[in-house]
Amino acid sequence: MQNSPNLTEPSGIVPAPPANPVSPPRPDQRTPAIPLQSARASRRRATVAMGFVTGMLAGMRAHQTDPAPLLARAGIDLADTASRIPVERYAVLYNLCIEALADEAFGLLPQPMPRGSFEFLCRGMLGAPTLEEALQRGIRFLRIVLPAFRIALERAGAGAEILIDDAGSLGDERDAPARVFAYEWLLRLLHGVASWFVGRGLALDAVSFPYARPPHAADYALVYTEHSSFEAPRLAAHLQANLLELPLRRDEAALTDFLNGAPGKISMLYRRDREMVFRVRDLLRDALPTNLTLEEVASRLHLSPRTLHRRLEEEGSSFRIIKEATRRDIAYARLTKTAHSIARIAADLGYADTSTFYRAFVSWSGVAPDRFRQQLAQRAPSVETPCSRPMRVCAKIPHTTTQTETAADGAD
């Protein structure tokens, strides 16, 4: 484990002033590789193609359940089929559909996936010595709650494959929206959870999907890989076998935070339109108390400083914003969950002296850190602290309260 005890993972994108001194900032037929160019237009703000929405709703329609009230609550209008949906609203709809159907598989499968399955999936993987063992545990659990699918993880030399096959259980219409989304969802679930547990986006070298290329396939470059093919006999996601040896970096406290907003949160994790923000944040966090410069981070990412600056700008962020937010979130967590002295927290965050940390903290919260801690103690246990509620991930956009606030990495 590389997590510090009692340390909440930083959400790491945008600092926003709190409403009051103790409130937080409201947080096979091969197809050519899918180019990222068609998806780059959405990078200013992470969005989802309408095809993912209609696929998710296919189960509701099959159960003759009107999705209109849920769409209204999520702020989504299906009238414009060419429009794209902000990923935050998509995550809200994800959870609303599960709640309405009491089925974490959206009514897409012959048997419902019981509520709470996502949590038990994560808890079953927690504590595994390697990613491979965690995935094998998760797959064994999914075979129980998703009997419609045959799921396996196999090694082959330097490579490995995640294999998924419905064996005809989802009907004869291979390209039906419900079947297409069922595969999209299940791969996203496994890949997203695995990436979260190891604290990095796991690169998929290629994925073959068992249906025709859907209209929203351009988004696969953001969600899965640029190298996607279609009309395969079963889904096969290829990755490097050495990734399976990675240790898990999450503990019970991190999982508790991650489950806030889950399972819809999984739709926001490790998309390639946010990938560089998370990689920079992780480098900055892991280097503390050393404060890395833009040039040092760029070197570790094998990029030029100019390229790194451009990539972060494309994702709607900046090096300064990420650095500030990372230190801020850790400071909130340490003040809330530990008895560490202000001087120690300042030193751990790389501040040259305590007075510099005081000034920074006042700019974030409106009060000094010792006063912040006193107010939390006076108002406990009813107060919502920056670590007791999830913080939402934004870029350079003003904070607005959404119906469900989600965390970045889970917040990652």
# chains A, B, ... in the order shown; residues from 1 in each chain; ligands from 1

$ residues_around --residues "Ala156 in chain A" --least-positions-apart "2" --cutoff "12 Å" --atoms "only C-alpha atoms" --output "PyMOL selection string"
chain A and resi 153-154+158-162+238-242

$ select_by_dssp --residues "range 254-380 of chain A" --states "helix (DSSP H, G or I)" --output "number ranges by chain"
A: 254-258, 264-268, 275-287, 294-300, 305-314, 319-337, 342-348, 354-365, 369-379

$ residues_around --residues "Ile85 in chain A" --least-positions-apart "4" --cutoff "9 Å" --atoms "only C-alpha atoms" --output "MDAnalysis selection string"
chainID A and resid 46:50 53 76:77 89:90

$ write_last_selection --atoms "N, CA and C atoms" --output "short mmCIF file (atom, residue, chain, number, x, y, z; two decimals), in the first residue's frame"
data_model
loop_
_atom_site.label_atom_id
_atom_site.label_comp_id
_atom_site.auth_asym_id
_atom_site.auth_seq_id
_atom_site.Cartn_x
_atom_site.Cartn_y
_atom_site.Cartn_z
N ALA A 46 -15.34 17.19 -20.60
CA ALA A 46 -15.57 15.78 -20.89
C ALA A 46 -17.05 15.54 -21.14
N THR A 47 -17.34 14.93 -22.27
CA THR A 47 -18.73 14.66 -22.65
C THR A 47 -18.86 13.23 -23.14
N VAL A 48 -20.10 12.80 -23.26
CA VAL A 48 -20.43 11.43 -23.65
C VAL A 48 -21.30 11.47 -24.90
N ALA A 49 -21.04 10.60 -25.84
CA ALA A 49 -21.86 10.51 -27.04
C ALA A 49 -23.26 10.01 -26.69
N MET A 50 -24.24 10.46 -27.45
CA MET A 50 -25.63 10.10 -27.17
C MET A 50 -25.86 8.59 -27.25
N VAL A 53 -25.99 6.94 -23.99
CA VAL A 53 -27.21 7.22 -23.23
C VAL A 53 -28.35 6.32 -23.71
N ILE A 76 -30.87 15.97 -19.07
CA ILE A 76 -30.50 15.46 -20.38
C ILE A 76 -31.71 15.51 -21.31
N ASP A 77 -31.52 16.04 -22.50
CA ASP A 77 -32.59 16.15 -23.50
C ASP A 77 -32.22 15.25 -24.67
N ARG A 89 -23.44 14.67 -15.91
CA ARG A 89 -24.87 14.36 -16.01
C ARG A 89 -25.08 12.89 -16.35
N TYR A 90 -24.19 12.37 -17.17
CA TYR A 90 -24.28 10.95 -17.51
C TYR A 90 -24.12 10.09 -16.25
#

$ closest_residue --among "A:His191, A:Arg143, A:Arg174, A:Arg279" --to "Ala232 in chain A" --atoms "only C-alpha atoms"
A:Arg174

$ select_by_dssp --residues "range 100-223 of chain A" --states "strand (DSSP E or B)" --output "count of residues only"
17

$ residues_around --residues "range 179-187 of chain A" --least-positions-apart "3" --cutoff "9 Å" --atoms "only C-alpha atoms" --output "VMD selection string"
chain A and resid 51 to 52 54 to 56 58 105 to 106 108 to 109 162 164 to 166 170 to 171 173 to 176 190 to 192 209 to 212 214 224 235 237 267

$ write_last_selection --atoms "N, CA and C atoms" --output "CSV table (one decimal), in the first residue's frame"
chain,number,residue,atom,x,y,z
A,51,GLY,N,-25.0,7.9,-28.0
A,51,GLY,CA,-25.2,6.4,-28.1
A,51,GLY,C,-25.1,5.7,-26.8
A,52,PHE,N,-24.2,6.2,-25.9
A,52,PHE,CA,-24.1,5.6,-24.6
A,52,PHE,C,-25.3,5.8,-23.8
A,54,THR,N,-28.5,6.3,-25.0
A,54,THR,CA,-29.6,5.4,-25.5
A,54,THR,C,-29.4,3.9,-25.2
A,55,GLY,N,-28.1,3.5,-25.2
A,55,GLY,CA,-27.8,2.2,-24.8
A,55,GLY,C,-28.2,1.9,-23.4
A,56,MET,N,-27.9,2.8,-22.5
A,56,MET,CA,-28.2,2.6,-21.1
A,56,MET,C,-29.7,2.5,-20.9
A,58,ALA,N,-31.9,1.4,-22.9
A,58,ALA,CA,-32.6,0.3,-23.6
A,58,ALA,C,-33.2,-0.7,-22.7
A,105,ALA,N,-27.3,-3.6,-13.5
A,105,ALA,CA,-27.1,-3.9,-14.9
A,105,ALA,C,-28.1,-3.2,-15.8
A,106,PHE,N,-28.9,-2.3,-15.3
A,106,PHE,CA,-29.8,-1.4,-16.1
A,106,PHE,C,-30.9,-2.2,-16.8
A,108,LEU,N,-30.6,-4.8,-18.6
A,108,LEU,CA,-30.2,-5.3,-19.9
A,108,LEU,C,-30.0,-6.8,-20.0
A,109,LEU,N,-30.0,-7.5,-18.9
A,109,LEU,CA,-29.6,-8.9,-18.8
A,109,LEU,C,-30.8,-9.7,-18.4
A,162,ILE,N,-8.6,-9.9,-21.3
A,162,ILE,CA,-9.9,-10.0,-20.6
A,162,ILE,C,-10.9,-10.4,-21.6
A,164,ILE,N,-14.8,-11.7,-22.7
A,164,ILE,CA,-16.2,-11.6,-22.3
A,164,ILE,C,-17.1,-12.1,-23.4
A,165,ASP,N,-18.0,-13.0,-23.1
A,165,ASP,CA,-18.9,-13.6,-24.1
A,165,ASP,C,-20.2,-13.9,-23.5
A,166,ASP,N,-21.3,-13.5,-24.1
A,166,ASP,CA,-22.6,-13.7,-23.6
A,166,ASP,C,-23.2,-15.0,-24.1
A,170,LEU,N,-28.0,-12.9,-24.7
A,170,LEU,CA,-28.6,-11.6,-24.8
A,170,LEU,C,-29.4,-11.5,-26.1
A,171,GLY,N,-29.7,-12.6,-26.7
A,171,GLY,CA,-30.5,-12.6,-27.9
A,171,GLY,C,-29.8,-12.7,-29.2
A,173,GLU,N,-30.0,-10.7,-31.9
A,173,GLU,CA,-29.7,-9.5,-32.6
A,173,GLU,C,-28.4,-8.9,-32.0
A,174,ARG,N,-27.3,-9.2,-32.7
A,174,ARG,CA,-25.9,-8.9,-32.2
A,174,ARG,C,-25.7,-7.4,-32.1
A,175,ASP,N,-26.4,-6.6,-32.9
A,175,ASP,CA,-26.1,-5.2,-32.8
A,175,ASP,C,-27.2,-4.4,-32.1
A,176,ALA,N,-28.0,-5.1,-31.4
A,176,ALA,CA,-29.1,-4.4,-30.6
A,176,ALA,C,-28.4,-3.4,-29.6
A,190,LEU,N,-14.9,-3.3,-15.4
A,190,LEU,CA,-13.7,-4.1,-15.0
A,190,LEU,C,-12.5,-3.2,-15.2
A,191,HIS,N,-12.4,-2.5,-16.3
A,191,HIS,CA,-11.2,-1.7,-16.6
A,191,HIS,C,-11.1,-0.5,-15.6
A,192,GLY,N,-12.2,0.1,-15.4
A,192,GLY,CA,-12.2,1.3,-14.5
A,192,GLY,C,-11.9,0.9,-13.1
A,209,PHE,N,-14.6,-6.1,-30.4
A,209,PHE,CA,-15.9,-6.1,-29.8
A,209,PHE,C,-16.8,-7.0,-30.7
A,210,PRO,N,-17.8,-7.7,-30.1
A,210,PRO,CA,-18.6,-8.7,-30.8
A,210,PRO,C,-19.8,-8.1,-31.4
A,211,TYR,N,-19.7,-7.0,-32.1
A,211,TYR,CA,-20.9,-6.4,-32.8
A,211,TYR,C,-20.3,-5.4,-33.9
A,212,ALA,N,-21.2,-5.0,-34.7
A,212,ALA,CA,-20.8,-4.0,-35.8
A,212,ALA,C,-20.4,-2.7,-35.1
A,214,PRO,N,-20.5,0.7,-33.9
A,214,PRO,CA,-21.7,1.6,-33.6
A,214,PRO,C,-21.4,3.0,-34.0
A,224,TYR,N,-11.8,3.5,-24.1
A,224,TYR,CA,-11.1,2.2,-24.1
A,224,TYR,C,-9.7,2.3,-24.8
A,235,LEU,N,-15.8,-10.5,-27.0
A,235,LEU,CA,-15.0,-9.4,-26.6
A,235,LEU,C,-13.6,-9.8,-26.1
A,237,ALA,N,-10.1,-7.9,-24.7
A,237,ALA,CA,-9.4,-6.7,-24.4
A,237,ALA,C,-7.9,-7.1,-24.1
A,267,SER,N,-18.1,5.8,-14.6
A,267,SER,CA,-18.2,6.4,-16.0
A,267,SER,C,-17.3,7.6,-16.2

$ closest_atom_pairs --of "range 82-162 of chain A" --to "range 59-66 of chain A" --cutoff "12 Å" --atoms "only C-alpha atoms" --output "JSON lines"
{"residue": "A:Tyr94", "atom": "CA", "partner": "A:Met60", "partner_atom": "CA", "distance": 11.8}
{"residue": "A:Leu96", "atom": "CA", "partner": "A:Met60", "partner_atom": "CA", "distance": 11.3}
{"residue": "A:Cys97", "atom": "CA", "partner": "A:Met60", "partner_atom": "CA", "distance": 7.8}
{"residue": "A:Ile98", "atom": "CA", "partner": "A:Met60", "partner_atom": "CA", "distance": 9.8}
{"residue": "A:Glu99", "atom": "CA", "partner": "A:Met60", "partner_atom": "CA", "distance": 11.5}
{"residue": "A:Ala100", "atom": "CA", "partner": "A:Thr65", "partner_atom": "CA", "distance": 8.9}
{"residue": "A:Leu101", "atom": "CA", "partner": "A:Met60", "partner_atom": "CA", "distance": 7.5}
{"residue": "A:Ala102", "atom": "CA", "partner": "A:Met60", "partner_atom": "CA", "distance": 11.1}
{"residue": "A:Asp103", "atom": "CA", "partner": "A:Gly59", "partner_atom": "CA", "distance": 10.0}
{"residue": "A:Glu104", "atom": "CA", "partner": "A:Gly59", "partner_atom": "CA", "distance": 11.1}
{"residue": "A:Ala105", "atom": "CA", "partner": "A:Gly59", "partner_atom": "CA", "distance": 8.6}
{"residue": "A:Phe106", "atom": "CA", "partner": "A:Gly59", "partner_atom": "CA", "distance": 5.7}
{"residue": "A:Gly107", "atom": "CA", "partner": "A:Gly59", "partner_atom": "CA", "distance": 4.4}
{"residue": "A:Leu108", "atom": "CA", "partner": "A:Gly59", "partner_atom": "CA", "distance": 4.6}
{"residue": "A:Leu109", "atom": "CA", "partner": "A:Gly59", "partner_atom": "CA", "distance": 8.1}
{"residue": "A:Pro110", "atom": "CA", "partner": "A:Gly59", "partner_atom": "CA", "distance": 10.4}
{"residue": "A:Gln111", "atom": "CA", "partner": "A:Gly59", "partner_atom": "CA", "distance": 11.6}
{"residue": "A:Pro112", "atom": "CA", "partner": "A:Gly59", "partner_atom": "CA", "distance": 10.5}

$ write_last_selection --atoms "N, CA and C atoms" --output "short mmCIF file (atom, residue, chain, number, x, y, z; two decimals), in the first residue's frame"
data_model
loop_
_atom_site.label_atom_id
_atom_site.label_comp_id
_atom_site.auth_asym_id
_atom_site.auth_seq_id
_atom_site.Cartn_x
_atom_site.Cartn_y
_atom_site.Cartn_z
N TYR A 94 -26.79 7.45 -14.74
CA TYR A 94 -26.35 6.08 -14.45
C TYR A 94 -26.93 5.62 -13.11
N LEU A 96 -29.37 7.03 -11.35
CA LEU A 96 -30.83 7.11 -11.33
C LEU A 96 -31.47 5.88 -11.97
N CYS A 97 -30.89 5.41 -13.07
CA CYS A 97 -31.43 4.21 -13.73
C CYS A 97 -31.33 3.00 -12.83
N ILE A 98 -30.20 2.85 -12.17
CA ILE A 98 -30.03 1.73 -11.24
C ILE A 98 -31.04 1.79 -10.12
N GLU A 99 -31.23 2.99 -9.59
CA GLU A 99 -32.20 3.16 -8.50
C GLU A 99 -33.62 2.83 -8.96
N ALA A 100 -33.99 3.29 -10.15
CA ALA A 100 -35.35 3.07 -10.64
C ALA A 100 -35.63 1.60 -10.91
N LEU A 101 -34.63 0.88 -11.42
CA LEU A 101 -34.83 -0.52 -11.79
C LEU A 101 -34.41 -1.50 -10.71
N ALA A 102 -33.74 -0.99 -9.66
CA ALA A 102 -33.17 -1.87 -8.62
C ALA A 102 -32.31 -2.94 -9.27
N ASP A 103 -31.50 -2.51 -10.26
CA ASP A 103 -30.70 -3.42 -11.06
C ASP A 103 -29.44 -2.68 -11.51
N GLU A 104 -28.28 -3.11 -11.04
CA GLU A 104 -27.04 -2.43 -11.39
C GLU A 104 -26.59 -2.75 -12.81
N ALA A 105 -27.33 -3.59 -13.52
CA ALA A 105 -27.05 -3.87 -14.93
C ALA A 105 -28.10 -3.22 -15.83
N PHE A 106 -28.87 -2.29 -15.31
CA PHE A 106 -29.79 -1.44 -16.10
C PHE A 106 -30.92 -2.21 -16.78
N GLY A 107 -31.25 -3.40 -16.31
CA GLY A 107 -32.32 -4.16 -16.95
C GLY A 107 -31.93 -4.73 -18.30
N LEU A 108 -30.63 -4.82 -18.58
CA LEU A 108 -30.17 -5.27 -19.89
C LEU A 108 -30.04 -6.78 -19.99
N LEU A 109 -29.96 -7.47 -18.86
CA LEU A 109 -29.63 -8.90 -18.85
C LEU A 109 -30.83 -9.73 -18.42
N PRO A 110 -30.79 -11.04 -18.71
CA PRO A 110 -31.92 -11.89 -18.32
C PRO A 110 -32.20 -11.87 -16.83
N GLN A 111 -31.15 -11.72 -16.01
CA GLN A 111 -31.32 -11.64 -14.56
C GLN A 111 -30.76 -10.31 -14.06
N PRO A 112 -31.44 -9.67 -13.12
CA PRO A 112 -30.93 -8.39 -12.62
C PRO A 112 -29.65 -8.57 -11.81
#

$ closest_residue --among "A:Leu71, A:Ala333, A:Ala167, A:Val87" --to "Ala253 in chain A" --atoms "only C-alpha atoms"
A:Ala333

$ closest_residue --among "A:Ala368, A:Ser195, A:Leu126, A:Leu248" --to "Ser355 in chain A" --atoms "only C-alpha atoms"
A:Ala368

$ atom_distance --atom1 "CA of Arg285 in chain A" --atom2 "CA of Arg328 in chain A"
11.1 Å

$ closest_residue --among "A:Gly168, A:Val92, A:Ala134, A:Ala262" --to "Arg150 in chain A" --atoms "only C-alpha atoms"
A:Gly168

$ residues_around --residues "Gln136 in chain A" --least-positions-apart "2" --cutoff "12 Å" --atoms "only C-alpha atoms" --output "mmCIF file with C-alpha atoms, in the first residue's frame"
data_model
loop_
_atom_site.group_PDB
_atom_site.id
_atom_site.type_symbol
_atom_site.label_atom_id
_atom_site.label_comp_id
_atom_site.auth_asym_id
_atom_site.auth_seq_id
_atom_site.Cartn_x
_atom_site.Cartn_y
_atom_site.Cartn_z
ATOM 1 C CA LEU A 121 -17.078 -6.416 -6.182
ATOM 2 C CA GLY A 124 -13.733 -8.564 -2.783
ATOM 3 C CA MET A 125 -10.803 -7.128 -4.749
ATOM 4 C CA LEU A 126 -9.527 -5.021 -1.845
ATOM 5 C CA ALA A 128 -5.257 -8.573 -3.081
ATOM 6 C CA PRO A 129 -1.445 -8.644 -3.396
ATOM 7 C CA THR A 130 -1.455 -7.930 -7.146
ATOM 8 C CA LEU A 131 -3.793 -6.662 -9.818
ATOM 9 C CA GLU A 132 -3.996 -10.158 -11.310
ATOM 10 C CA GLU A 133 -5.306 -11.640 -8.071
ATOM 11 C CA ALA A 134 -7.715 -8.723 -7.656
ATOM 12 C CA GLY A 138 -13.593 -9.781 -9.236
ATOM 13 C CA ILE A 139 -14.240 -12.093 -12.163
ATOM 14 C CA ARG A 140 -15.246 -14.951 -9.862
ATOM 15 C CA PHE A 141 -17.734 -12.639 -8.178
ATOM 16 C CA LEU A 142 -19.109 -11.327 -11.481
ATOM 17 C CA ARG A 143 -19.699 -14.871 -12.703
ATOM 18 C CA ILE A 151 -15.744 -13.772 -18.178
ATOM 19 C CA ALA A 152 -12.085 -14.770 -18.021
ATOM 20 C CA LEU A 153 -8.594 -13.324 -17.622
ATOM 21 C CA GLU A 154 -5.899 -15.175 -19.544
ATOM 22 C CA ARG A 155 -2.155 -14.698 -19.974
ATOM 23 C CA ILE A 162 -9.882 -9.971 -20.609
ATOM 24 C CA LEU A 190 -13.732 -4.061 -15.020
ATOM 25 C CA ALA A 194 -8.844 -2.198 -11.996
ATOM 26 C CA LEU A 244 -0.997 -7.686 -13.787
#

$ residues_around --residues "Leu284 in chain A" --least-positions-apart "3" --cutoff "10 Å" --atoms "only C-alpha atoms" --output "list in words"
Phe278, Arg279, Val280, Arg281, Ala287, Leu288, Pro289, Thr290, Asn291, Leu292, Thr293, Leu294, Val297, Phe319, Ile322, Lys323, Thr326 and Arg327 of chain A

$ atom_distance --atom1 "CA of Ser299 in chain A" --atom2 "CA of Leu283 in chain A"
11.3 Å

$ atom_distance --atom1 "CA of Asp329 in chain A" --atom2 "CA of Trp364 in chain A"
10.0 Å

$ closest_residue --among "A:Pro263, A:Thr338, A:Leu135, A:Ala352" --to "Arg115 in chain A" --atoms "only C-alpha atoms"
A:Pro263

$ residues_around --residues "Gly201 in chain A" --least-positions-apart "2" --cutoff "10 Å" --atoms "only C-alpha atoms" --output "PyMOL selection string"
chain A and resi 191-199+203-204+269-272+275-276+278-279+412

$ decode --residues "range 69-106 of chain A" --atoms "N, CA and C atoms" --output "PDB file, in the first residue's frame"
ATOM      1  N   PRO A  69     -38.741  10.977 -16.745  1.00  0.00           N
ATOM      2  CA  PRO A  69     -38.487  11.643 -15.453  1.00  0.00           C
ATOM      3  C   PRO A  69     -37.021  11.601 -15.031  1.00  0.00           C
ATOM      4  N   LEU A  70     -36.343  10.491 -15.322  1.00  0.00           N
ATOM      5  CA  LEU A  70     -34.932  10.388 -14.959  1.00  0.00           C
ATOM      6  C   LEU A  70     -34.079  11.309 -15.816  1.00  0.00           C
ATOM      7  N   LEU A  71     -34.402  11.383 -17.089  1.00  0.00           N
ATOM      8  CA  LEU A  71     -33.669  12.287 -17.976  1.00  0.00           C
ATOM      9  C   LEU A  71     -33.829  13.737 -17.527  1.00  0.00           C
ATOM     10  N   ALA A  72     -35.033  14.078 -17.115  1.00  0.00           N
ATOM     11  CA  ALA A  72     -35.273  15.445 -16.646  1.00  0.00           C
ATOM     12  C   ALA A  72     -34.459  15.734 -15.386  1.00  0.00           C
ATOM     13  N   ARG A  73     -34.416  14.774 -14.473  1.00  0.00           N
ATOM     14  CA  ARG A  73     -33.649  14.970 -13.241  1.00  0.00           C
ATOM     15  C   ARG A  73     -32.153  15.088 -13.520  1.00  0.00           C
ATOM     16  N   ALA A  74     -31.697  14.376 -14.548  1.00  0.00           N
ATOM     17  CA  ALA A  74     -30.277  14.439 -14.897  1.00  0.00           C
ATOM     18  C   ALA A  74     -29.957  15.618 -15.809  1.00  0.00           C
ATOM     19  N   GLY A  75     -30.979  16.320 -16.273  1.00  0.00           N
ATOM     20  CA  GLY A  75     -30.752  17.464 -17.153  1.00  0.00           C
ATOM     21  C   GLY A  75     -30.323  17.071 -18.550  1.00  0.00           C
ATOM     22  N   ILE A  76     -30.874  15.971 -19.067  1.00  0.00           N
ATOM     23  CA  ILE A  76     -30.504  15.462 -20.384  1.00  0.00           C
ATOM     24  C   ILE A  76     -31.711  15.514 -21.310  1.00  0.00           C
ATOM     25  N   ASP A  77     -31.523  16.039 -22.499  1.00  0.00           N
ATOM     26  CA  ASP A  77     -32.586  16.146 -23.503  1.00  0.00           C
ATOM     27  C   ASP A  77     -32.224  15.249 -24.673  1.00  0.00           C
ATOM     28  N   LEU A  78     -33.055  14.251 -24.951  1.00  0.00           N
ATOM     29  CA  LEU A  78     -32.800  13.324 -26.048  1.00  0.00           C
ATOM     30  C   LEU A  78     -33.256  13.847 -27.394  1.00  0.00           C
ATOM     31  N   ALA A  79     -33.858  15.012 -27.432  1.00  0.00           N
ATOM     32  CA  ALA A  79     -34.420  15.527 -28.686  1.00  0.00           C
ATOM     33  C   ALA A  79     -33.338  15.721 -29.743  1.00  0.00           C
ATOM     34  N   ASP A  80     -32.175  16.196 -29.323  1.00  0.00           N
ATOM     35  CA  ASP A  80     -31.086  16.415 -30.264  1.00  0.00           C
ATOM     36  C   ASP A  80     -30.161  15.218 -30.220  1.00  0.00           C
ATOM     37  N   THR A  81     -30.339  14.314 -31.165  1.00  0.00           N
ATOM     38  CA  THR A  81     -29.566  13.070 -31.157  1.00  0.00           C
ATOM     39  C   THR A  81     -28.089  13.307 -31.455  1.00  0.00           C
ATOM     40  N   ALA A  82     -27.743  14.485 -31.994  1.00  0.00           N
ATOM     41  CA  ALA A  82     -26.348  14.776 -32.304  1.00  0.00           C
ATOM     42  C   ALA A  82     -25.617  15.421 -31.129  1.00  0.00           C
ATOM     43  N   SER A  83     -26.354  15.758 -30.068  1.00  0.00           N
ATOM     44  CA  SER A  83     -25.733  16.462 -28.946  1.00  0.00           C
ATOM     45  C   SER A  83     -24.895  15.502 -28.110  1.00  0.00           C
ATOM     46  N   ARG A  84     -23.985  16.079 -27.334  1.00  0.00           N
ATOM     47  CA  ARG A  84     -23.161  15.303 -26.419  1.00  0.00           C
ATOM     48  C   ARG A  84     -23.544  15.676 -24.995  1.00  0.00           C
ATOM     49  N   ILE A  85     -23.403  14.717 -24.088  1.00  0.00           N
ATOM     50  CA  ILE A  85     -23.873  14.876 -22.722  1.00  0.00           C
ATOM     51  C   ILE A  85     -22.671  15.076 -21.802  1.00  0.00           C
ATOM     52  N   PRO A  86     -22.666  16.117 -20.963  1.00  0.00           N
ATOM     53  CA  PRO A  86     -21.584  16.253 -19.988  1.00  0.00           C
ATOM     54  C   PRO A  86     -21.477  14.988 -19.148  1.00  0.00           C
ATOM     55  N   VAL A  87     -20.240  14.541 -18.931  1.00  0.00           N
ATOM     56  CA  VAL A  87     -20.041  13.260 -18.256  1.00  0.00           C
ATOM     57  C   VAL A  87     -20.614  13.272 -16.844  1.00  0.00           C
ATOM     58  N   GLU A  88     -20.653  14.454 -16.202  1.00  0.00           N
ATOM     59  CA  GLU A  88     -21.225  14.522 -14.856  1.00  0.00           C
ATOM     60  C   GLU A  88     -22.722  14.187 -14.878  1.00  0.00           C
ATOM     61  N   ARG A  89     -23.436  14.670 -15.905  1.00  0.00           N
ATOM     62  CA  ARG A  89     -24.870  14.361 -16.010  1.00  0.00           C
ATOM     63  C   ARG A  89     -25.084  12.895 -16.349  1.00  0.00           C
ATOM     64  N   TYR A  90     -24.193  12.372 -17.167  1.00  0.00           N
ATOM     65  CA  TYR A  90     -24.279  10.954 -17.506  1.00  0.00           C
ATOM     66  C   TYR A  90     -24.124  10.090 -16.252  1.00  0.00           C
ATOM     67  N   ALA A  91     -23.200  10.471 -15.366  1.00  0.00           N
ATOM     68  CA  ALA A  91     -23.012   9.729 -14.125  1.00  0.00           C
ATOM     69  C   ALA A  91     -24.250   9.793 -13.245  1.00  0.00           C
ATOM     70  N   VAL A  92     -24.914  10.951 -13.245  1.00  0.00           N
ATOM     71  CA  VAL A  92     -26.163  11.088 -12.488  1.00  0.00           C
ATOM     72  C   VAL A  92     -27.218  10.143 -13.051  1.00  0.00           C
ATOM     73  N   LEU A  93     -27.380  10.142 -14.377  1.00  0.00           N
ATOM     74  CA  LEU A  93     -28.366   9.261 -15.007  1.00  0.00           C
ATOM     75  C   LEU A  93     -28.050   7.799 -14.725  1.00  0.00           C
ATOM     76  N   TYR A  94     -26.795   7.449 -14.743  1.00  0.00           N
ATOM     77  CA  TYR A  94     -26.347   6.079 -14.452  1.00  0.00           C
ATOM     78  C   TYR A  94     -26.926   5.617 -13.114  1.00  0.00           C
ATOM     79  N   ASN A  95     -26.737   6.429 -12.082  1.00  0.00           N
ATOM     80  CA  ASN A  95     -27.228   6.047 -10.752  1.00  0.00           C
ATOM     81  C   ASN A  95     -28.745   6.084 -10.664  1.00  0.00           C
ATOM     82  N   LEU A  96     -29.371   7.031 -11.349  1.00  0.00           N
ATOM     83  CA  LEU A  96     -30.835   7.113 -11.327  1.00  0.00           C
ATOM     84  C   LEU A  96     -31.469   5.884 -11.971  1.00  0.00           C
ATOM     85  N   CYS A  97     -30.894   5.407 -13.071  1.00  0.00           N
ATOM     86  CA  CYS A  97     -31.434   4.213 -13.734  1.00  0.00           C
ATOM     87  C   CYS A  97     -31.331   2.995 -12.832  1.00  0.00           C
ATOM     88  N   ILE A  98     -30.200   2.854 -12.166  1.00  0.00           N
ATOM     89  CA  ILE A  98     -30.026   1.726 -11.245  1.00  0.00           C
ATOM     90  C   ILE A  98     -31.043   1.790 -10.118  1.00  0.00           C
ATOM     91  N   GLU A  99     -31.235   2.995  -9.595  1.00  0.00           N
ATOM     92  CA  GLU A  99     -32.196   3.162  -8.502  1.00  0.00           C
ATOM     93  C   GLU A  99     -33.615   2.830  -8.959  1.00  0.00           C
ATOM     94  N   ALA A 100     -33.985   3.287 -10.146  1.00  0.00           N
ATOM     95  CA  ALA A 100     -35.349   3.072 -10.638  1.00  0.00           C
ATOM     96  C   ALA A 100     -35.634   1.597 -10.914  1.00  0.00           C
ATOM     97  N   LEU A 101     -34.627   0.879 -11.418  1.00  0.00           N
ATOM     98  CA  LEU A 101     -34.829  -0.521 -11.794  1.00  0.00           C
ATOM     99  C   LEU A 101     -34.410  -1.503 -10.706  1.00  0.00           C
ATOM    100  N   ALA A 102     -33.742  -0.993  -9.657  1.00  0.00           N
ATOM    101  CA  ALA A 102     -33.172  -1.874  -8.621  1.00  0.00           C
ATOM    102  C   ALA A 102     -32.309  -2.942  -9.273  1.00  0.00           C
ATOM    103  N   ASP A 103     -31.503  -2.505 -10.262  1.00  0.00           N
ATOM    104  CA  ASP A 103     -30.697  -3.421 -11.057  1.00  0.00           C
ATOM    105  C   ASP A 103     -29.442  -2.676 -11.507  1.00  0.00           C
ATOM    106  N   GLU A 104     -28.282  -3.112 -11.040  1.00  0.00           N
ATOM    107  CA  GLU A 104     -27.039  -2.433 -11.393  1.00  0.00           C
ATOM    108  C   GLU A 104     -26.586  -2.747 -12.806  1.00  0.00           C
ATOM    109  N   ALA A 105     -27.326  -3.594 -13.523  1.00  0.00           N
ATOM    110  CA  ALA A 105     -27.053  -3.869 -14.929  1.00  0.00           C
ATOM    111  C   ALA A 105     -28.103  -3.223 -15.830  1.00  0.00           C
ATOM    112  N   PHE A 106     -28.874  -2.287 -15.309  1.00  0.00           N
ATOM    113  CA  PHE A 106     -29.788  -1.444 -16.098  1.00  0.00           C
ATOM    114  C   PHE A 106     -30.915  -2.209 -16.784  1.00  0.00           C
TER     115      PHE A 106
END
